[in-house]
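Student: Structure file input-v1.cif (mmCIF, C-alpha atoms) right here:
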```cif
data_model
loop_
_atom_site.group_PDB
_atom_site.id
_atom_site.type_symbol
_atom_site.label_atom_id
_atom_site.label_comp_id
_atom_site.auth_asym_id
_atom_site.auth_seq_id
_atom_site.Cartn_x
_atom_site.Cartn_y
_atom_site.Cartn_z
ATOM 1 C CA MET A 1 40.130 157.020 121.824
ATOM 2 C CA GLU A 2 40.720 153.265 121.697
ATOM 3 C CA GLY A 3 43.860 153.408 119.514
ATOM 4 C CA SER A 4 45.701 155.650 121.938
ATOM 5 C CA GLN A 5 44.623 153.442 124.856
ATOM 6 C CA GLU A 6 46.029 150.437 122.989
ATOM 7 C CA ASN A 7 49.259 152.355 122.384
ATOM 8 C CA ARG A 8 49.520 153.273 126.076
ATOM 9 C CA ASN A 9 49.003 149.600 126.988
ATOM 10 C CA PHE A 10 51.645 148.583 124.438
ATOM 11 C CA TRP A 11 54.190 151.062 125.879
ATOM 12 C CA ARG A 12 53.386 149.972 129.447
ATOM 13 C CA ILE A 13 53.820 146.300 128.533
ATOM 14 C CA LEU A 14 56.997 147.078 126.576
ATOM 15 C CA ALA A 15 58.467 149.004 129.518
ATOM 16 C CA ASN A 16 57.830 146.076 131.879
ATOM 17 C CA ALA A 17 58.835 143.317 129.458
ATOM 18 C CA GLY A 18 61.888 141.148 129.759
ATOM 19 C CA PRO A 19 64.466 141.192 126.956
ATOM 20 C CA GLY A 20 62.819 138.416 124.897
ATOM 21 C CA GLU A 21 59.356 139.946 125.104
ATOM 22 C CA ARG A 22 60.744 143.410 124.398
ATOM 23 C CA PHE A 23 62.546 142.113 121.291
ATOM 24 C CA SER A 24 59.360 140.370 120.120
ATOM 25 C CA LEU A 25 57.163 143.418 120.694
ATOM 26 C CA ILE A 26 59.511 145.711 118.771
ATOM 27 C CA VAL A 27 60.112 143.317 115.873
ATOM 28 C CA SER A 28 56.519 142.081 115.562
ATOM 29 C CA SER A 29 55.295 145.686 115.459
ATOM 30 C CA TRP A 30 57.864 146.059 112.657
ATOM 31 C CA PHE A 31 59.912 148.508 114.625
ATOM 32 C CA LEU A 32 56.805 150.288 115.959
ATOM 33 C CA CYS A 33 55.018 150.791 112.588
ATOM 34 C CA GLY A 34 52.128 148.886 114.163
ATOM 35 C CA LEU A 35 51.588 151.774 116.573
ATOM 36 C CA LEU A 36 50.875 154.320 113.844
ATOM 37 C CA PRO A 37 47.281 155.541 114.053
ATOM 38 C CA GLY A 38 44.407 154.472 111.848
ATOM 39 C CA ALA A 39 45.513 151.485 109.817
ATOM 40 C CA PRO A 40 48.504 149.684 111.320
ATOM 41 C CA GLY A 41 48.303 146.839 108.778
ATOM 42 C CA THR A 42 48.561 149.324 105.940
ATOM 43 C CA PHE A 43 51.586 150.971 107.562
ATOM 44 C CA GLY A 44 53.189 147.555 108.051
ATOM 45 C CA THR A 45 52.587 146.740 104.384
ATOM 46 C CA ALA A 46 54.035 150.104 103.334
ATOM 47 C CA ALA A 47 57.162 149.305 105.337
ATOM 48 C CA ALA A 48 57.322 145.967 103.525
ATOM 49 C CA VAL A 49 57.402 147.802 100.173
ATOM 50 C CA ILE A 50 60.649 149.421 101.292
ATOM 51 C CA VAL A 51 62.085 146.017 102.238
ATOM 52 C CA ALA A 52 60.978 144.614 98.860
ATOM 53 C CA PHE A 53 62.768 147.394 96.968
ATOM 54 C CA LEU A 54 65.913 147.011 99.092
ATOM 55 C CA THR A 55 66.073 143.244 98.588
ATOM 56 C CA GLY A 56 64.560 143.039 95.097
ATOM 57 C CA THR A 57 67.854 143.178 93.237
ATOM 58 C CA LEU A 58 69.522 140.473 95.327
ATOM 59 C CA PRO A 59 69.949 137.008 93.831
ATOM 60 C CA MET A 60 66.848 134.832 94.262
ATOM 61 C CA ALA A 61 68.591 132.544 96.782
ATOM 62 C CA TYR A 62 69.351 135.469 99.105
ATOM 63 C CA ARG A 63 65.826 136.818 98.742
ATOM 64 C CA ALA A 64 64.480 133.361 99.591
ATOM 65 C CA LEU A 65 66.636 133.204 102.734
ATOM 66 C CA ILE A 66 65.461 136.661 103.806
ATOM 67 C CA LEU A 67 61.823 135.728 103.156
ATOM 68 C CA VAL A 68 62.041 132.463 105.097
ATOM 69 C CA GLY A 69 63.847 134.262 107.917
ATOM 70 C CA ILE A 70 61.153 136.930 108.135
ATOM 71 C CA ILE A 71 58.382 134.301 108.065
ATOM 72 C CA VAL A 72 59.979 132.330 110.907
ATOM 73 C CA LEU A 73 60.700 135.525 112.842
ATOM 74 C CA ALA A 74 57.086 136.627 112.274
ATOM 75 C CA MET A 75 55.658 133.388 113.636
ATOM 76 C CA LEU A 76 57.885 133.410 116.714
ATOM 77 C CA THR A 77 57.607 137.092 117.615
ATOM 78 C CA SER A 78 53.882 137.256 116.874
ATOM 79 C CA SER A 79 53.224 134.418 119.282
ATOM 80 C CA VAL A 80 55.257 136.020 122.076
ATOM 81 C CA SER A 81 53.712 139.459 121.450
ATOM 82 C CA ALA A 82 50.148 138.127 121.356
ATOM 83 C CA SER A 83 50.744 136.473 124.712
ATOM 84 C CA ALA A 84 52.389 139.586 126.207
ATOM 85 C CA LEU A 85 49.588 141.850 124.964
ATOM 86 C CA GLY A 86 46.856 139.392 125.978
ATOM 87 C CA LYS A 87 45.279 139.405 122.513
ATOM 88 C CA GLU A 88 44.800 136.656 119.959
ATOM 89 C CA ASP A 89 45.810 138.783 116.940
ATOM 90 C CA PRO A 90 46.976 142.206 118.146
ATOM 91 C CA SER A 91 46.591 145.081 115.690
ATOM 92 C CA GLU A 92 50.016 146.322 116.782
ATOM 93 C CA VAL A 93 51.591 143.169 115.320
ATOM 94 C CA VAL A 94 52.271 143.930 111.650
ATOM 95 C CA ILE A 95 55.231 141.682 110.848
ATOM 96 C CA ASP A 96 52.636 139.297 109.393
ATOM 97 C CA GLU A 97 51.797 141.949 106.775
ATOM 98 C CA VAL A 98 55.494 142.326 106.032
ATOM 99 C CA ALA A 99 55.866 138.575 105.493
ATOM 100 C CA GLY A 100 52.688 138.337 103.401
ATOM 101 C CA TYR A 101 53.603 141.262 101.164
ATOM 102 C CA LEU A 102 57.101 139.872 100.608
ATOM 103 C CA VAL A 103 55.518 136.582 99.510
ATOM 104 C CA ALA A 104 53.344 138.553 97.084
ATOM 105 C CA VAL A 105 56.281 140.264 95.361
ATOM 106 C CA PHE A 106 58.931 137.568 95.775
ATOM 107 C CA ALA A 107 58.921 136.417 92.139
ATOM 108 C CA LEU A 108 57.644 139.603 90.498
ATOM 109 C CA PRO A 109 59.879 141.923 88.493
ATOM 110 C CA VAL A 110 60.965 144.837 90.673
ATOM 111 C CA SER A 111 59.047 147.902 89.551
ATOM 112 C CA LEU A 112 57.008 150.626 91.158
ATOM 113 C CA VAL A 113 53.903 149.627 89.192
ATOM 114 C CA ASN A 114 54.204 145.953 90.178
ATOM 115 C CA PHE A 115 54.758 146.826 93.824
ATOM 116 C CA VAL A 116 51.838 149.265 93.890
ATOM 117 C CA LEU A 117 49.545 146.682 92.265
ATOM 118 C CA ALA A 118 50.724 144.121 94.798
ATOM 119 C CA PHE A 119 50.162 146.598 97.642
ATOM 120 C CA ILE A 120 46.570 147.256 96.553
ATOM 121 C CA PHE A 121 45.652 143.604 96.030
ATOM 122 C CA PHE A 122 47.445 142.457 99.174
ATOM 123 C CA ARG A 123 45.607 144.959 101.359
ATOM 124 C CA ALA A 124 42.309 143.966 99.710
ATOM 125 C CA PHE A 125 42.885 140.246 100.325
ATOM 126 C CA ASP A 126 44.149 140.893 103.855
ATOM 127 C CA ILE A 127 41.122 143.015 104.745
ATOM 128 C CA LEU A 128 38.378 141.096 102.886
ATOM 129 C CA LYS A 129 39.787 137.637 103.663
ATOM 130 C CA PRO A 130 38.145 135.611 100.878
ATOM 131 C CA PHE A 131 37.911 131.822 101.156
ATOM 132 C CA PRO A 132 40.037 130.104 102.469
ATOM 133 C CA ILE A 133 41.916 132.978 104.170
ATOM 134 C CA ALA A 134 39.195 133.698 106.753
ATOM 135 C CA GLN A 135 38.813 129.999 107.553
ATOM 136 C CA VAL A 136 42.553 129.614 108.137
ATOM 137 C CA GLU A 137 42.598 132.702 110.340
ATOM 138 C CA LYS A 138 39.791 131.245 112.488
ATOM 139 C CA LYS A 139 41.181 127.713 112.769
ATOM 140 C CA VAL A 140 44.918 128.175 113.248
ATOM 141 C CA ARG A 141 45.974 129.837 116.488
ATOM 142 C CA GLY A 142 49.119 131.418 117.854
ATOM 143 C CA GLY A 143 51.934 132.930 115.861
ATOM 144 C CA ILE A 144 51.409 130.526 112.966
ATOM 145 C CA GLY A 145 47.753 131.563 112.701
ATOM 146 C CA ILE A 146 48.599 135.261 112.889
ATOM 147 C CA VAL A 147 51.003 134.896 109.965
ATOM 148 C CA LEU A 148 49.410 132.159 107.849
ATOM 149 C CA ASP A 149 46.408 134.178 106.663
ATOM 150 C CA ASP A 150 48.773 136.929 105.450
ATOM 151 C CA LEU A 151 50.939 134.396 103.627
ATOM 152 C CA LEU A 152 47.812 133.165 101.843
ATOM 153 C CA ALA A 153 46.842 136.753 101.010
ATOM 154 C CA GLY A 154 50.360 137.137 99.590
ATOM 155 C CA LEU A 155 49.950 134.041 97.415
ATOM 156 C CA PHE A 156 46.567 135.263 96.160
ATOM 157 C CA THR A 157 48.115 138.649 95.419
ATOM 158 C CA PHE A 158 51.009 137.111 93.518
ATOM 159 C CA ALA A 159 48.592 135.047 91.401
ATOM 160 C CA VAL A 160 46.422 138.059 90.522
ATOM 161 C CA VAL A 161 49.335 140.373 89.709
ATOM 162 C CA LYS A 162 51.031 137.632 87.670
ATOM 163 C CA LEU A 163 47.790 137.060 85.707
ATOM 164 C CA ILE A 164 47.603 140.794 85.028
ATOM 165 C CA LEU A 165 51.196 140.762 83.790
ATOM 166 C CA ILE A 166 50.540 137.757 81.560
ATOM 167 C CA SER A 167 47.351 139.289 80.203
ATOM 168 C CA ILE A 168 49.162 142.438 79.096
ATOM 169 C CA GLY A 169 51.849 140.368 77.466
ATOM 170 C CA GLY A 170 54.831 140.584 79.722
ATOM 171 C CA SER A 171 56.090 142.288 82.776
ATOM 172 C CA LEU A 172 55.664 145.816 84.000
ATOM 173 C CA LYS A 173 59.017 147.448 84.556
#
```
Show the structure stored in the file as structure tokens.
Tutor:
Amino acid sequence: MEGSQENRNFWRILANAGPGERFSLIVSSWFLCGLLPGAPGTFGTAAAVIVAFLTGTLPMAYRALILVGIIVLAMLTSSVSASALGKEDPSEVVIDEVAGYLVAVFALPVSLVNFVLAFIFFRAFDILKPFPIAQVEKKVRGGIGIVLDDLLAGLFTFAVVKLILISIGGSLK
């Protein structure tokens, strides 16, 4: 089974990594969510829903600082992890999904319905990669490339969910 082989490789690399690589591998896998079987990106996004609920009631300035911090952390740790794992965009790296989902819900009212809608659309955009997401993913390399396509998927998601909210005459709470 390829997934378990990848997990064994991840654990072997983690065990032999120096402190910086070890930190990057753990954080970029969003504290090992990226090792869950089947759909690591979906698990990473689900973990982001928890972060969104925990930070959703903070003042906008604090949420913005957290979002920017996670985006920068995602770009840095994804680059180190990709290099350590010897892959261009490792499936174990899911911090990019966390960053993208947090972009999607950043300016939405905090509600279960809004976050579920955002989850569904974000996963769809992340998997299907409509124009220009796929083109960005192919052209931009390294940690920035790993994260940038998810940030775009987050922006697309925000736009769609916001249009849904506007079309029903307000916000879902």
Student: Residues picked by the PyMOL selection byres ((chain A and resi 101) around 12) here, as a PyMOL selection string?
Tutor: chain A and resi 41-53+67+70-71+94-100+102-108+114-126+147+149-158
Student: Give the answer as one residue: which of A:Val110, A:Glu88, A:Leu25, A:Val72 has the shortest atom-to-atom distance to Leu54 (chain A), using all atoms listed in the file?
Tutor: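 Of A:Val110, A:Glu88, A:Leu25, A:Val72, the one nearest Leu54 (chain A) is A:Val110, counting all atoms listed in the file.
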Student: Skipping near chain neighbours, those fewer than 2 positions away, what residues fall within 7 Å of Ser24 (chain A) using all atoms listed in the file, listed as an MDAnalysis selection string?
Tutor: chainID A and resid 20:22 26:28 77 80:81
Student: Quick one: distance from CA of Phe10 (chain A) to CA of Ile146 (chain A) in Å, one decimal?
Tutor: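 Going from CA of Phe10 (chain A) over to CA of Ile146 (chain A) covers 17.9 Å.
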Student: Report, in Å with one decimal, the straight-line distance from CA of Ser83 (chain A) to CA of Ala15 (chain A).
Tutor: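 These two atoms are separated by 15.5 Å.
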Student: List as a list in words the residues having at least one atom at most 12 Å from position (44.9, 141.8, 125.6) as given in the file, counting all atoms listed in the file.
Tutor: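 Counting all atoms listed in the file, I find these residues within 12 Å of (44.9, 141.8, 125.6): Gln5, Glu6, Asn7, Asn9, Phe10, Ile13, Ser81, Ala82, Ser83, Ala84, Leu85, Gly86, Lys87, Glu88, Asp89, Pro90, Ser91 and Glu92 of chain A.
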Student: For CA of Trp30 (chain A) and CA of Ala64 (chain A), quote the distance in Å rounded to one decimal.
Tutor: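 Here the two named atoms are 19.4 Å from each other.
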Student: If you take every atom of region 3-19 of chain A that the file lists and fit an axis-aligned box around them with 3 Å extra on each side, what centre and edge lengths come out in Å to one decimal, as lines of an AutoDock Vina configuration file?
Tutor:
```
center_x = 54.2
center_y = 148.4
center_z = 125.7
size_x = 26.6
size_y = 20.5
size_z = 18.4
```
Student: Restricting the calculation to all atoms listed in the file: of A:Thr55, A:Ser111, A:Ser167, A:Ser79, which residue gets closest to Gly145 (chain A)?
Tutor: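 Closest candidate: A:Ser79.
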Student: Around (42.9, 128.9, 110.0) in the file's frame, which residues reach within 10 Å when counting all atoms listed in the file? Return as a list of chain:residue names?
Tutor: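 These residues have at least one counted atom within 10 Å: A:Pro132, A:Ile133, A:Ala134, A:Gln135, A:Val136, A:Glu137, A:Lys138, A:Lys139, A:Val140, A:Arg141, A:Ile144, A:Gly145, A:Ile146, A:Leu148, A:Asp149.
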Student: For Pro109 (chain A), which residue out of A:Leu73, A:Ala61, A:Leu165, A:Ile127 is the nearest one, using only C-alpha atoms?
Tutor: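 Ranked by minimum distance to Pro109 (chain A), first place goes to A:Leu165.
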Student: Starting from the incomplete input, reconstruct N, CA and C atoms of region 59-71 of chain A and write that as a PDB file, in the coordinates of the input.
Tutor:
```pdb
ATOM      1  N   PRO A  59      70.211 138.305  94.469  1.00  0.00           N
ATOM      2  CA  PRO A  59      69.949 137.008  93.831  1.00  0.00           C
ATOM      3  C   PRO A  59      68.779 136.301  94.529  1.00  0.00           C
ATOM      4  N   MET A  60      68.045 135.507  93.759  1.00  0.00           N
ATOM      5  CA  MET A  60      66.848 134.832  94.262  1.00  0.00           C
ATOM      6  C   MET A  60      67.129 134.016  95.530  1.00  0.00           C
ATOM      7  N   ALA A  61      68.272 133.361  95.601  1.00  0.00           N
ATOM      8  CA  ALA A  61      68.591 132.544  96.782  1.00  0.00           C
ATOM      9  C   ALA A  61      68.668 133.402  98.046  1.00  0.00           C
ATOM     10  N   TYR A  62      69.266 134.575  97.948  1.00  0.00           N
ATOM     11  CA  TYR A  62      69.351 135.469  99.105  1.00  0.00           C
ATOM     12  C   TYR A  62      67.969 136.008  99.487  1.00  0.00           C
ATOM     13  N   ARG A  63      67.189 136.350  98.467  1.00  0.00           N
ATOM     14  CA  ARG A  63      65.826 136.818  98.742  1.00  0.00           C
ATOM     15  C   ARG A  63      65.013 135.720  99.419  1.00  0.00           C
ATOM     16  N   ALA A  64      65.199 134.484  98.981  1.00  0.00           N
ATOM     17  CA  ALA A  64      64.480 133.361  99.591  1.00  0.00           C
ATOM     18  C   ALA A  64      64.881 133.192 101.053  1.00  0.00           C
ATOM     19  N   LEU A  65      66.168 133.310 101.346  1.00  0.00           N
ATOM     20  CA  LEU A  65      66.636 133.204 102.734  1.00  0.00           C
ATOM     21  C   LEU A  65      66.051 134.321 103.598  1.00  0.00           C
ATOM     22  N   ILE A  66      66.030 135.529 103.068  1.00  0.00           N
ATOM     23  CA  ILE A  66      65.461 136.661 103.806  1.00  0.00           C
ATOM     24  C   ILE A  66      63.975 136.426 104.053  1.00  0.00           C
ATOM     25  N   LEU A  67      63.257 135.979 103.023  1.00  0.00           N
ATOM     26  CA  LEU A  67      61.823 135.728 103.156  1.00  0.00           C
ATOM     27  C   LEU A  67      61.545 134.653 104.199  1.00  0.00           C
ATOM     28  N   VAL A  68      62.240 133.540 104.114  1.00  0.00           N
ATOM     29  CA  VAL A  68      62.041 132.463 105.097  1.00  0.00           C
ATOM     30  C   VAL A  68      62.391 132.960 106.499  1.00  0.00           C
ATOM     31  N   GLY A  69      63.471 133.719 106.613  1.00  0.00           N
ATOM     32  CA  GLY A  69      63.847 134.262 107.917  1.00  0.00           C
ATOM     33  C   GLY A  69      62.770 135.170 108.491  1.00  0.00           C
ATOM     34  N   ILE A  70      62.203 136.024 107.657  1.00  0.00           N
ATOM     35  CA  ILE A  70      61.153 136.930 108.135  1.00  0.00           C
ATOM     36  C   ILE A  70      59.898 136.148 108.507  1.00  0.00           C
ATOM     37  N   ILE A  71      59.563 135.114 107.733  1.00  0.00           N
ATOM     38  CA  ILE A  71      58.382 134.301 108.065  1.00  0.00           C
ATOM     39  C   ILE A  71      58.566 133.611 109.409  1.00  0.00           C
TER      40      ILE A  71
END
```
